[in-house]
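For reference, model-v4.cif is printed below; it contains mmCIF, C-alpha atoms.
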data_data
#
loop_
_atom_site.label_atom_id
_atom_site.label_comp_id
_atom_site.auth_asym_id
_atom_site.auth_seq_id
_atom_site.Cartn_x
_atom_site.Cartn_y
_atom_site.Cartn_z
CA MET Y 1 -31.90 -40.09 -25.00
CA ALA Y 2 -29.43 -37.20 -25.03
CA VAL Y 3 -26.90 -36.73 -22.25
CA PRO Y 4 -28.16 -33.96 -19.91
CA ASP Y 5 -26.00 -30.86 -20.31
CA LEU Y 6 -24.94 -30.74 -16.66
CA LEU Y 7 -23.98 -34.41 -16.66
CA ARG Y 8 -21.95 -33.94 -19.85
CA ARG Y 9 -20.11 -31.00 -18.31
CA LEU Y 10 -19.33 -33.01 -15.20
CA LEU Y 11 -18.11 -36.01 -17.19
CA THR Y 12 -15.74 -33.95 -19.32
CA ALA Y 13 -14.28 -31.84 -16.50
CA PRO Y 14 -10.94 -33.27 -15.32
CA GLY Y 15 -10.88 -34.17 -11.63
CA PRO Y 16 -8.63 -36.97 -10.34
CA SER Y 17 -8.53 -37.53 -6.58
CA GLY Y 18 -7.10 -34.48 -4.85
CA TYR Y 19 -7.41 -32.37 -8.02
CA GLU Y 20 -11.20 -32.11 -8.33
CA THR Y 21 -11.40 -28.30 -8.62
CA ALA Y 22 -12.77 -28.07 -12.17
CA ALA Y 23 -15.53 -30.65 -11.66
CA SER Y 24 -16.41 -29.24 -8.23
CA ALA Y 25 -16.76 -25.72 -9.66
CA ILE Y 26 -19.34 -26.96 -12.19
CA TRP Y 27 -21.25 -28.82 -9.46
CA ARG Y 28 -21.28 -25.82 -7.10
CA GLU Y 29 -22.40 -23.43 -9.83
CA ALA Y 30 -25.33 -25.71 -10.73
CA ALA Y 31 -26.31 -26.19 -7.09
CA SER Y 32 -26.21 -22.48 -6.27
CA SER Y 33 -29.40 -21.90 -8.27
CA PHE Y 34 -31.54 -23.70 -5.68
CA ALA Y 35 -29.50 -24.51 -2.55
CA GLU Y 36 -27.14 -23.12 0.09
CA VAL Y 37 -23.71 -24.09 -1.24
CA GLU Y 38 -20.49 -24.45 0.76
CA GLY Y 39 -17.04 -25.95 0.29
CA ASP Y 40 -14.49 -27.22 2.79
CA THR Y 41 -10.74 -27.48 3.24
CA LEU Y 42 -10.43 -30.79 1.38
CA GLY Y 43 -12.51 -29.53 -1.54
CA SER Y 44 -15.80 -31.33 -0.94
CA SER Y 45 -18.97 -29.40 -1.75
CA THR Y 46 -22.38 -29.35 -0.07
CA ALA Y 47 -25.75 -28.06 -1.27
CA ARG Y 48 -28.36 -27.75 1.48
CA VAL Y 49 -32.10 -27.60 0.84
CA PRO Y 50 -33.89 -26.64 4.08
CA GLY Y 51 -36.77 -28.81 5.17
CA THR Y 52 -40.18 -27.51 6.10
CA GLY Y 53 -41.51 -30.15 8.47
CA GLY Y 54 -38.93 -30.88 11.16
CA GLY Y 55 -37.82 -34.22 9.74
CA PRO Y 56 -34.33 -35.69 10.10
CA THR Y 57 -31.48 -34.30 8.03
CA LEU Y 58 -30.44 -36.45 5.07
CA ALA Y 59 -26.97 -36.32 3.50
CA VAL Y 60 -26.73 -37.73 -0.03
CA LEU Y 61 -23.12 -38.56 -0.91
CA GLY Y 62 -21.70 -38.88 -4.39
CA HIS Y 63 -17.94 -38.70 -4.86
CA ILE Y 64 -16.83 -36.34 -7.60
CA ASP Y 65 -13.25 -37.52 -8.07
CA GLU Y 66 -12.12 -39.91 -10.79
CA ILE Y 67 -9.10 -42.11 -11.37
CA GLY Y 68 -6.10 -40.60 -13.15
CA LEU Y 69 -2.32 -40.56 -13.48
CA MET Y 70 0.41 -38.48 -11.78
CA VAL Y 71 3.77 -37.50 -13.28
CA THR Y 72 6.75 -38.72 -11.24
CA HIS Y 73 9.81 -38.31 -13.49
CA ALA Y 74 11.06 -37.09 -16.87
CA ASP Y 75 13.91 -39.00 -18.54
CA GLU Y 76 16.66 -37.57 -20.75
CA ASN Y 77 14.52 -38.05 -23.88
CA GLY Y 78 11.46 -36.29 -22.46
CA PHE Y 79 9.35 -39.36 -21.67
CA LEU Y 80 7.38 -39.22 -18.41
CA SER Y 81 6.99 -41.86 -15.72
CA PHE Y 82 3.80 -41.91 -13.69
CA LEU Y 83 1.85 -43.28 -10.76
CA ARG Y 84 -1.77 -44.37 -10.88
CA VAL Y 85 -4.24 -42.22 -8.96
CA GLY Y 86 -6.80 -44.92 -8.23
CA GLY Y 87 -7.38 -48.25 -9.88
CA TRP Y 88 -6.17 -48.20 -13.49
CA ARG Y 89 -5.17 -51.51 -15.08
CA ALA Y 90 -2.09 -51.42 -17.29
CA ASP Y 91 -3.79 -53.13 -20.22
CA VAL Y 92 -6.54 -50.50 -20.26
CA LEU Y 93 -4.05 -47.63 -20.36
CA VAL Y 94 -2.08 -48.77 -23.42
CA GLY Y 95 -2.53 -46.35 -26.31
CA GLN Y 96 -4.83 -43.91 -24.52
CA ARG Y 97 -4.93 -40.18 -25.25
CA LEU Y 98 -4.49 -37.95 -22.21
CA GLU Y 99 -5.29 -34.50 -20.92
CA LEU Y 100 -2.59 -33.32 -18.51
CA LEU Y 101 -3.41 -30.57 -16.01
CA THR Y 102 -0.51 -28.14 -15.71
CA SER Y 103 0.01 -24.67 -14.27
CA LYS Y 104 0.01 -23.38 -17.85
CA GLY Y 105 -3.27 -25.10 -18.75
CA SER Y 106 -4.32 -28.31 -20.43
CA LEU Y 107 -1.68 -30.31 -22.31
CA SER Y 108 -2.21 -33.29 -24.61
CA GLY Y 109 -0.29 -36.54 -24.31
CA VAL Y 110 -0.51 -40.26 -24.98
CA VAL Y 111 0.33 -43.44 -23.11
CA GLY Y 112 3.13 -45.34 -24.82
CA ARG Y 113 4.50 -48.84 -24.28
CA LYS Y 114 8.19 -49.68 -24.44
CA ALA Y 115 9.33 -51.49 -27.58
CA SER Y 116 9.84 -55.26 -27.49
CA ARG Y 117 11.49 -57.72 -29.84
CA PRO Y 118 9.37 -59.34 -32.56
CA LEU Y 119 7.45 -62.43 -31.44
CA ARG Y 120 8.73 -65.80 -32.49
CA ARG Y 121 6.34 -68.27 -34.08
CA GLY Y 122 3.88 -69.60 -31.48
CA GLU Y 123 4.71 -66.96 -28.87
CA GLU Y 124 1.96 -64.97 -27.16
CA PHE Y 125 2.08 -61.23 -26.61
CA PRO Y 126 3.51 -60.64 -23.11
CA ARG Y 127 1.27 -59.33 -20.39
CA VAL Y 128 1.32 -55.53 -20.06
CA GLU Y 129 2.82 -54.25 -16.81
CA LEU Y 130 2.72 -50.68 -15.52
CA GLU Y 131 6.51 -50.42 -15.68
CA ASP Y 132 6.26 -51.02 -19.44
CA LEU Y 133 4.31 -47.78 -19.90
CA HIS Y 134 5.26 -44.11 -20.13
CA LEU Y 135 3.66 -40.80 -21.08
CA ASP Y 136 4.65 -39.05 -24.30
CA ILE Y 137 3.89 -35.32 -24.60
CA GLY Y 138 6.07 -34.78 -27.65
CA ALA Y 139 9.03 -33.37 -25.70
CA ARG Y 140 12.55 -33.93 -27.10
CA SER Y 141 14.46 -33.75 -23.81
CA ARG Y 142 14.06 -33.77 -20.04
CA GLU Y 143 14.51 -30.01 -19.97
CA GLU Y 144 11.82 -29.45 -22.56
CA ALA Y 145 9.43 -31.84 -20.81
CA LEU Y 146 9.87 -30.03 -17.49
CA GLU Y 147 9.13 -26.71 -19.17
CA LEU Y 148 5.73 -28.16 -20.09
CA VAL Y 149 4.86 -30.21 -17.00
CA ALA Y 150 5.88 -30.34 -13.36
CA ILE Y 151 6.46 -33.37 -11.18
CA GLY Y 152 3.11 -34.06 -9.50
CA ASP Y 153 0.95 -32.85 -12.39
CA VAL Y 154 -1.97 -35.16 -13.06
CA ALA Y 155 -3.68 -36.48 -16.16
CA VAL Y 156 -7.02 -37.99 -17.17
CA ILE Y 157 -8.13 -39.86 -20.26
CA ALA Y 158 -9.17 -37.45 -23.02
CA GLY Y 159 -12.51 -37.88 -24.76
CA GLU Y 160 -16.17 -36.91 -24.93
CA PRO Y 161 -19.12 -39.09 -23.83
CA VAL Y 162 -20.43 -41.29 -26.62
CA GLU Y 163 -24.18 -41.79 -27.07
CA LEU Y 164 -25.04 -45.43 -27.75
CA ALA Y 165 -28.31 -47.10 -28.72
CA ASN Y 166 -31.22 -47.46 -26.28
CA GLY Y 167 -30.40 -44.38 -24.21
CA ARG Y 168 -26.99 -45.64 -23.10
CA ILE Y 169 -23.79 -43.64 -22.94
CA ALA Y 170 -20.11 -44.53 -22.65
CA SER Y 171 -17.65 -42.21 -20.94
CA ARG Y 172 -14.78 -41.98 -18.53
CA SER Y 173 -15.58 -40.77 -14.98
CA LEU Y 174 -19.10 -42.20 -14.73
CA ASP Y 175 -17.52 -43.54 -11.54
CA ASN Y 176 -18.62 -41.45 -9.85
CA ARG Y 177 -19.75 -38.21 -11.42
CA LEU Y 178 -23.03 -40.13 -11.67
CA GLY Y 179 -23.37 -40.20 -7.88
CA ALA Y 180 -22.55 -36.51 -7.53
CA TYR Y 181 -25.05 -35.70 -10.31
CA VAL Y 182 -27.82 -37.83 -8.75
CA ALA Y 183 -27.26 -36.24 -5.33
CA LEU Y 184 -27.53 -32.75 -6.81
CA GLU Y 185 -30.57 -33.44 -9.00
CA ALA Y 186 -32.44 -35.23 -6.19
CA ALA Y 187 -31.84 -32.22 -3.93
CA ARG Y 188 -33.12 -29.96 -6.72
CA ARG Y 189 -36.38 -31.93 -6.88
CA VAL Y 190 -36.77 -31.74 -3.12
CA ALA Y 191 -36.26 -27.98 -3.39
CA ASP Y 192 -39.01 -27.78 -6.00
CA ALA Y 193 -41.50 -29.96 -4.10
CA GLY Y 194 -40.53 -29.32 -0.47
CA GLY Y 195 -39.52 -31.95 2.03
CA PRO Y 196 -39.90 -32.67 5.73
CA GLY Y 197 -36.21 -32.41 6.64
CA ASP Y 198 -33.04 -30.79 5.34
CA VAL Y 199 -31.51 -32.56 2.35
CA VAL Y 200 -27.79 -31.96 1.83
CA ALA Y 201 -26.25 -33.11 -1.45
CA VAL Y 202 -22.53 -33.79 -1.10
CA ALA Y 203 -19.94 -33.90 -3.88
CA ALA Y 204 -17.22 -35.65 -1.90
CA VAL Y 205 -13.55 -35.71 -2.89
CA GLN Y 206 -10.80 -38.32 -2.63
CA GLU Y 207 -12.83 -41.54 -2.68
CA GLU Y 208 -10.74 -43.31 -5.30
CA ILE Y 209 -7.52 -43.21 -3.27
CA GLY Y 210 -8.89 -45.42 -0.55
CA ASP Y 211 -9.89 -43.75 2.71
CA PHE Y 212 -13.11 -41.95 1.68
CA GLY Y 213 -11.62 -38.67 2.90
CA GLY Y 214 -14.23 -36.26 1.56
CA ALA Y 215 -17.18 -38.33 2.76
CA ARG Y 216 -15.57 -38.87 6.16
CA THR Y 217 -15.03 -35.20 6.86
CA SER Y 218 -18.29 -34.02 5.27
CA VAL Y 219 -20.53 -36.35 7.29
CA PHE Y 220 -18.65 -35.50 10.48
CA ALA Y 221 -19.27 -31.79 9.86
CA LEU Y 222 -22.90 -32.14 8.74
CA GLU Y 223 -24.06 -34.49 11.56
CA PRO Y 224 -27.02 -35.87 9.56
CA GLN Y 225 -29.39 -38.38 11.08
CA VAL Y 226 -29.52 -40.33 7.79
CA ALA Y 227 -27.02 -40.71 4.96
CA LEU Y 228 -27.25 -42.28 1.52
CA ALA Y 229 -24.24 -43.00 -0.65
CA VAL Y 230 -24.93 -43.07 -4.40
CA ASP Y 231 -22.25 -44.89 -6.34
CA ILE Y 232 -21.79 -47.30 -9.23
CA THR Y 233 -21.62 -51.08 -9.25
CA GLY Y 234 -20.31 -53.40 -11.93
CA ALA Y 235 -23.08 -54.64 -14.22
CA THR Y 236 -23.43 -58.41 -14.41
CA ASP Y 237 -25.34 -58.49 -17.71
CA ALA Y 238 -22.20 -58.25 -19.85
CA PRO Y 239 -20.02 -61.23 -20.88
CA GLY Y 240 -18.26 -62.65 -17.82
CA GLY Y 241 -20.72 -61.17 -15.33
CA ASP Y 242 -21.86 -63.52 -12.57
CA PRO Y 243 -24.96 -62.53 -10.58
CA LYS Y 244 -24.36 -65.49 -8.24
CA ILE Y 245 -21.22 -63.72 -6.99
CA ASP Y 246 -21.89 -60.04 -7.60
CA GLY Y 247 -25.70 -59.91 -7.53
CA ALA Y 248 -28.09 -58.88 -10.26
CA ALA Y 249 -27.04 -55.58 -11.86
CA VAL Y 250 -28.64 -55.08 -15.26
CA LEU Y 251 -28.52 -51.93 -17.37
CA GLY Y 252 -32.00 -50.48 -17.76
CA ALA Y 253 -33.47 -52.41 -14.82
CA GLY Y 254 -33.17 -49.57 -12.32
CA PRO Y 255 -30.92 -48.80 -9.35
CA ILE Y 256 -29.57 -51.39 -6.92
CA LEU Y 257 -30.65 -51.18 -3.28
CA ASN Y 258 -28.02 -52.64 -1.02
CA ARG Y 259 -28.78 -54.68 2.06
CA GLY Y 260 -26.20 -55.91 4.53
CA SER Y 261 -24.39 -55.83 7.83
CA THR Y 262 -23.45 -52.15 7.83
CA ILE Y 263 -26.64 -50.84 6.23
CA ALA Y 264 -29.40 -49.57 8.52
CA PRO Y 265 -32.43 -51.89 8.18
CA ARG Y 266 -34.93 -49.03 8.44
CA VAL Y 267 -33.12 -47.09 5.69
CA PHE Y 268 -33.18 -50.13 3.42
CA ASP Y 269 -36.88 -50.70 4.12
CA LEU Y 270 -37.70 -47.07 3.32
CA LEU Y 271 -35.75 -47.26 0.07
CA VAL Y 272 -37.76 -50.32 -0.96
CA GLU Y 273 -40.98 -48.60 0.10
CA ALA Y 274 -40.08 -45.52 -1.93
CA ALA Y 275 -39.18 -47.57 -5.01
CA GLU Y 276 -42.36 -49.62 -4.85
CA GLY Y 277 -44.53 -46.59 -4.07
CA GLU Y 278 -43.17 -44.66 -7.07
CA GLY Y 279 -43.14 -47.65 -9.42
CA ILE Y 280 -39.35 -47.49 -9.81
CA PRO Y 281 -37.76 -50.74 -11.04
CA HIS Y 282 -34.93 -51.89 -8.80
CA ALA Y 283 -32.91 -54.86 -7.62
CA VAL Y 284 -31.45 -55.85 -4.25
CA ASN Y 285 -27.80 -56.75 -3.72
CA VAL Y 286 -26.03 -57.65 -0.49
CA SER Y 287 -22.81 -56.86 1.35
CA ALA Y 288 -21.59 -58.73 4.42
CA GLY Y 289 -19.09 -56.01 5.37
CA SER Y 290 -17.34 -53.26 3.44
CA THR Y 291 -19.24 -51.82 0.47
CA HIS Y 292 -16.12 -50.09 -0.94
CA THR Y 293 -18.09 -46.84 -1.20
CA ASP Y 294 -18.40 -43.62 0.79
CA MET Y 295 -21.03 -45.39 2.87
CA ASP Y 296 -18.21 -47.17 4.71
CA ALA Y 297 -17.07 -43.84 6.16
CA ALA Y 298 -20.56 -42.43 6.72
CA TYR Y 299 -22.03 -45.17 8.86
CA LEU Y 300 -19.18 -44.95 11.41
CA SER Y 301 -19.21 -41.16 11.72
CA ARG Y 302 -19.42 -39.81 15.27
CA ALA Y 303 -21.70 -42.15 17.26
CA GLY Y 304 -23.00 -43.85 14.10
CA ILE Y 305 -25.26 -42.73 11.25
CA ALA Y 306 -28.23 -44.62 9.80
CA THR Y 307 -26.96 -45.26 6.28
CA GLY Y 308 -28.02 -46.77 2.97
CA LEU Y 309 -26.47 -47.36 -0.43
CA VAL Y 310 -27.99 -46.84 -3.86
CA SER Y 311 -25.90 -48.23 -6.71
CA ILE Y 312 -26.17 -47.56 -10.44
CA PRO Y 313 -25.07 -50.46 -12.67
CA ILE Y 314 -22.35 -49.67 -15.19
CA ARG Y 315 -20.27 -51.79 -17.54
CA TYR Y 316 -16.47 -51.66 -17.96
CA THR Y 317 -15.67 -50.02 -14.63
CA HIS Y 318 -12.41 -48.03 -14.42
CA SER Y 319 -12.07 -47.69 -18.15
CA PRO Y 320 -12.55 -44.85 -20.66
CA VAL Y 321 -15.79 -46.50 -21.86
CA GLU Y 322 -17.76 -47.01 -18.66
CA THR Y 323 -21.33 -47.53 -19.88
CA VAL Y 324 -24.64 -46.68 -18.21
CA ALA Y 325 -28.32 -46.55 -19.12
CA LEU Y 326 -29.56 -42.99 -18.64
CA GLU Y 327 -32.94 -44.33 -17.53
CA ASP Y 328 -31.19 -45.84 -14.48
CA VAL Y 329 -29.74 -42.42 -13.64
CA GLU Y 330 -33.18 -40.81 -13.83
CA ALA Y 331 -34.70 -43.64 -11.75
CA SER Y 332 -32.02 -43.09 -9.09
CA ILE Y 333 -32.83 -39.38 -8.89
CA ARG Y 334 -36.53 -40.14 -8.46
CA LEU Y 335 -35.77 -42.77 -5.83
CA VAL Y 336 -33.58 -40.53 -3.67
CA ALA Y 337 -36.12 -37.69 -3.81
CA ALA Y 338 -38.97 -40.07 -2.88
CA PHE Y 339 -36.88 -41.50 -0.03
CA ALA Y 340 -36.24 -37.99 1.32
CA ASP Y 341 -39.99 -37.34 1.40
CA ARG Y 342 -40.46 -40.35 3.73
CA LEU Y 343 -38.11 -39.03 6.43
CA ARG Y 344 -40.84 -37.72 8.67
CA PRO Y 345 -40.47 -36.30 12.20
CA GLY Y 346 -40.18 -38.98 14.87
CA LEU Y 347 -38.85 -41.62 12.47
CA GLU Y 348 -37.24 -44.42 14.47
CA LEU Y 349 -33.84 -45.29 13.01
CA ALA Y 350 -32.15 -47.31 15.77
CA ARG Y 351 -31.77 -51.05 15.30
#
Translate the structure described by the file into structure tokens.
Amino acid sequence: MAVPDLLRRLLTAPGPSGYETAASAIWREAASSFAEVEGDTLGSSTARVPGTGGGPTLAVLGHIDEIGLMVTHADENGFLSFLRVGGWRADVLVGQRLELLTSKGSLSGVVGRKASRPLRRGEEFPRVELEDLHLDIGARSREEALELVAIGDVAVIAGEPVELANGRIASRSLDNRLGAYVALEAARRVADAGGPGDVVAVAAVQEEIGDFGGARTSVFALEPQVALAVDITGATDAPGGDPKIDGAAVLGAGPILNRGSTIAPRVFDLLVEAAEGEGIPHAVNVSAGSTHTDMDAAYLSRAGIATGLVSIPIRYTHSPVETVALEDVEASIRLVAAFADRLRPGLELAR
């Protein structure tokens, strides 16, 4: 199964939190062919498909930012220090190739590790710490480095999506270009088929830095009656996965429907009804409090929003080789579109 062209373009566009412009431009251009598209001050994007039957408005949230790095300093030899933008682990960063976003355009670099003495017999390699790492852009001095980059420039891992066997792909930024892609494509299908209420796809910014800023402001402005967040969850079918702790999340077995304290029971029930009615394979996972997704901002917006969470299982989260089954992405699009069709006028959403 080939990677859809739009998804490939989204995955390869650089867009760390707060610097999502390139990815957002691709999303908005694609959405403008079928929806009313707007942007806001933070950089979030919305694509509204008007309803035809007076049903409640649904916001479908997928965050479009990814994790990255930010330049903080250049030393006398031209090596760059950095901060993480989101949740990189030091051991994952070692030896990675980078694309730096500068005012002059894209610049290549690599992540280097400071030299250490040779190991003595029986010694283990020391644990990698962030302070052991630096960025190397090939500069020979601080002055030369600062001619190429500016303090505050950001970087992402360089590389194209890789197509694996059985319709699976590996790529950086699946977290969460997948959610933004599903939101857009589900809205497109509602536009083609018609739906009872407005459906607003949201490509929210700044999720990875902790306060769900784009989702928070977008839902406040939109005032939907219902909101769905579409995000990823760590697959538990790879070595080390534990479904007893993290729930069942298996590549190729469909999206995960989340049930829990902050999730509206009627929204969860309608998601299950839509999945079963459309013959969409799915699993159910639980959360007793925070879901660590944009849903956490949406459900507390204004006087409270009836919210749900659809998760797509991926392996190797927050790495350059996040891995997903494309059939799960397609199933998630079908599910969200089928859910939207069930939001009829007079639907009771209160607990």
List every residue of segment 181-205 of chain Y that has an atom at most 9 Å from any atom of segment 55-60 of chain Y, giving for each one its closest atom pair and the distance in Å to one decimal, counting only C-alpha atoms, sorted by chain and then by ascending residue number, as a Markdown table.
| residue | atom | partner | partner_atom | distance |
| --- | --- | --- | --- | --- |
| Y:Val182 | CA | Y:Val60 | CA | 8.8 |
| Y:Ala183 | CA | Y:Val60 | CA | 5.5 |
| Y:Leu184 | CA | Y:Val60 | CA | 8.5 |
| Y:Ala186 | CA | Y:Val60 | CA | 8.8 |
| Y:Ala187 | CA | Y:Val60 | CA | 8.5 |
| Y:Gly195 | CA | Y:Gly55 | CA | 8.2 |
| Y:Pro196 | CA | Y:Gly55 | CA | 4.8 |
| Y:Gly197 | CA | Y:Gly55 | CA | 3.9 |
| Y:Asp198 | CA | Y:Thr57 | CA | 4.7 |
| Y:Val199 | CA | Y:Leu58 | CA | 4.9 |
| Y:Val200 | CA | Y:Ala59 | CA | 4.7 |
| Y:Ala201 | CA | Y:Val60 | CA | 4.9 |
| Y:Val202 | CA | Y:Val60 | CA | 5.9 |
| Y:Ala203 | CA | Y:Val60 | CA | 8.7 |
Evaluate the PyMOL selection byres ((chain Y and resi 83-93) around 9) and record the selected residues as a PyMOL selection string, following the chain and residue labels used in the document. chain Y and resi 16-17+66-72+81-82+94-97+111-112+127-133+154+157+207-210+318-320
Nearest to Ser261 of chain Y: which of Y:Ala150, Y:Ala31, Y:Ile169, Y:Ala288 is it, counting only C-alpha atoms?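 The answer is Y:Ala288, which sits nearest to Ser261 of chain Y.
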Atom CA of Ile333 of chain Y and atom CA of Leu178 of chain Y are how many Å apart?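 We find that atom CA of Ile333 of chain Y and atom CA of Leu178 of chain Y lie 10.2 Å from each other.
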For the provided coordinates, the residues matched by the PyMOL selection byres ((chain Y and resi 23) around 8) should be stated as a list in words.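 Taken over the shown coordinates, the PyMOL selection byres ((chain Y and resi 23) around 8) returns Leu10, Ala13, Pro14, Gly15, Glu20, Thr21, Ala22, Ser24, Ala25, Ile26, Trp27 and Ile64 of chain Y.
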Put those residues in a file: C-alpha atoms, as a PDB file, in the coordinates of the input.
ATOM      1  CA  LEU Y  10     -19.330 -33.010 -15.200  1.00  0.00           C
ATOM      2  CA  ALA Y  13     -14.280 -31.840 -16.500  1.00  0.00           C
ATOM      3  CA  PRO Y  14     -10.940 -33.270 -15.320  1.00  0.00           C
ATOM      4  CA  GLY Y  15     -10.880 -34.170 -11.630  1.00  0.00           C
ATOM      5  CA  GLU Y  20     -11.200 -32.110  -8.330  1.00  0.00           C
ATOM      6  CA  THR Y  21     -11.400 -28.300  -8.620  1.00  0.00           C
ATOM      7  CA  ALA Y  22     -12.770 -28.070 -12.170  1.00  0.00           C
ATOM      8  CA  SER Y  24     -16.410 -29.240  -8.230  1.00  0.00           C
ATOM      9  CA  ALA Y  25     -16.760 -25.720  -9.660  1.00  0.00           C
ATOM     10  CA  ILE Y  26     -19.340 -26.960 -12.190  1.00  0.00           C
ATOM     11  CA  TRP Y  27     -21.250 -28.820  -9.460  1.00  0.00           C
ATOM     12  CA  ILE Y  64     -16.830 -36.340  -7.600  1.00  0.00           C
TER      13      ILE Y  64
END
Residue contacts of Leu101 of chain Y (7 Å, only C-alpha atoms) excluding same-chain residues fewer than 6 positions away, as a PyMOL selection string: chain Y and resi 107+153-155
For the residues in the current selection, export C-alpha atoms as a JSON list (two decimals), in the frame of the given file.
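Below you can see selection.json, which holds the result:
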[["chain", "number", "residue", "atom", "x", "y", "z"],
["Y", 107, "LEU", "CA", -1.68, -30.31, -22.31],
["Y", 153, "ASP", "CA", 0.95, -32.85, -12.39],
["Y", 154, "VAL", "CA", -1.97, -35.16, -13.06],
["Y", 155, "ALA", "CA", -3.68, -36.48, -16.16]]
If the PyMOL selection byres ((chain Y and resi 248) around 7) were run on this exact file, what residues would it hold? Put them as a ChimeraX atom specification. /Y:236,243,246-247,249-250,283,285
Would you list the contacts of Pro4 of chain Y as a compact mmCIF listing (two decimals) with C-alpha atoms, in the frame of the given file, taking every protein, DNA or RNA residue within 12 Å and counting all atoms listed in the file, but skipping same-chain residues closer than 6 positions in sequence?
# COMPACT_ATOMS: atom_id res chain seq x y z
CA LEU Y 10 -19.33 -33.01 -15.20
CA LEU Y 11 -18.11 -36.01 -17.19
CA PRO Y 161 -19.12 -39.09 -23.83
CA GLU Y 163 -24.18 -41.79 -27.07
CA GLY Y 167 -30.40 -44.38 -24.21
CA ILE Y 169 -23.79 -43.64 -22.94
CA LEU Y 178 -23.03 -40.13 -11.67
CA TYR Y 181 -25.05 -35.70 -10.31
CA VAL Y 182 -27.82 -37.83 -8.75
CA GLU Y 185 -30.57 -33.44 -9.00
CA LEU Y 326 -29.56 -42.99 -18.64
CA GLU Y 327 -32.94 -44.33 -17.53
CA VAL Y 329 -29.74 -42.42 -13.64
CA GLU Y 330 -33.18 -40.81 -13.83
Please indicate the distance in Å from atom CA of Asp242 of chain Y to atom CA of Gly289 of chain Y, rounded to one decimal place.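 Computing the Euclidean distance for atom CA of Asp242 of chain Y and atom CA of Gly289 of chain Y yields 19.6 Å.
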Residue nearest Thr102 of chain Y - candidates Y:Pro239, Y:Gly252, Y:Gly159, Y:Gly152, atoms counted: all atoms listed in the file: Y:Gly152
Shortest interatomic distance to Ile314 of chain Y - which of Y:Thr291, Y:Thr52, Y:Asn176, Y:Asn77, counting all atoms listed in the file: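 Nearest to Ile314 of chain Y: Y:Asn176.
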Could N, CA, C and O atoms be built for segment 230-240 of chain Y and written out as a compact mmCIF listing (two decimals), in the frame of the given file?
# COMPACT_ATOMS: atom_id res chain seq x y z
N VAL Y 230 -24.52 -42.71 -3.04
CA VAL Y 230 -24.93 -43.07 -4.40
C VAL Y 230 -23.65 -43.31 -5.19
O VAL Y 230 -22.84 -42.40 -5.35
N ASP Y 231 -23.48 -44.53 -5.64
CA ASP Y 231 -22.25 -44.89 -6.34
C ASP Y 231 -22.60 -45.85 -7.47
O ASP Y 231 -23.78 -46.13 -7.71
N ILE Y 232 -21.57 -46.34 -8.14
CA ILE Y 232 -21.79 -47.30 -9.23
C ILE Y 232 -21.51 -48.71 -8.73
O ILE Y 232 -20.87 -48.93 -7.70
N THR Y 233 -21.99 -49.70 -9.48
CA THR Y 233 -21.62 -51.08 -9.25
C THR Y 233 -21.44 -51.75 -10.60
O THR Y 233 -22.07 -51.35 -11.58
N GLY Y 234 -20.57 -52.73 -10.67
CA GLY Y 234 -20.31 -53.40 -11.93
C GLY Y 234 -21.51 -54.18 -12.42
O GLY Y 234 -22.08 -55.01 -11.68
N ALA Y 235 -21.94 -53.92 -13.65
CA ALA Y 235 -23.08 -54.64 -14.22
C ALA Y 235 -22.71 -56.11 -14.43
O ALA Y 235 -21.58 -56.44 -14.80
N THR Y 236 -23.67 -56.98 -14.21
CA THR Y 236 -23.43 -58.41 -14.41
C THR Y 236 -24.17 -58.95 -15.63
O THR Y 236 -24.29 -60.16 -15.79
N ASP Y 237 -24.64 -58.04 -16.50
CA ASP Y 237 -25.34 -58.49 -17.71
C ASP Y 237 -24.44 -58.50 -18.94
O ASP Y 237 -24.90 -58.76 -20.05
N ALA Y 238 -23.16 -58.21 -18.75
CA ALA Y 238 -22.20 -58.25 -19.85
C ALA Y 238 -21.44 -59.58 -19.80
O ALA Y 238 -21.46 -60.27 -18.77
N PRO Y 239 -20.78 -59.97 -20.89
CA PRO Y 239 -20.02 -61.23 -20.88
C PRO Y 239 -19.06 -61.31 -19.69
O PRO Y 239 -18.32 -60.37 -19.41
N GLY Y 240 -19.10 -62.44 -18.99
CA GLY Y 240 -18.26 -62.65 -17.82
C GLY Y 240 -18.90 -62.26 -16.52
O GLY Y 240 -18.38 -62.58 -15.45
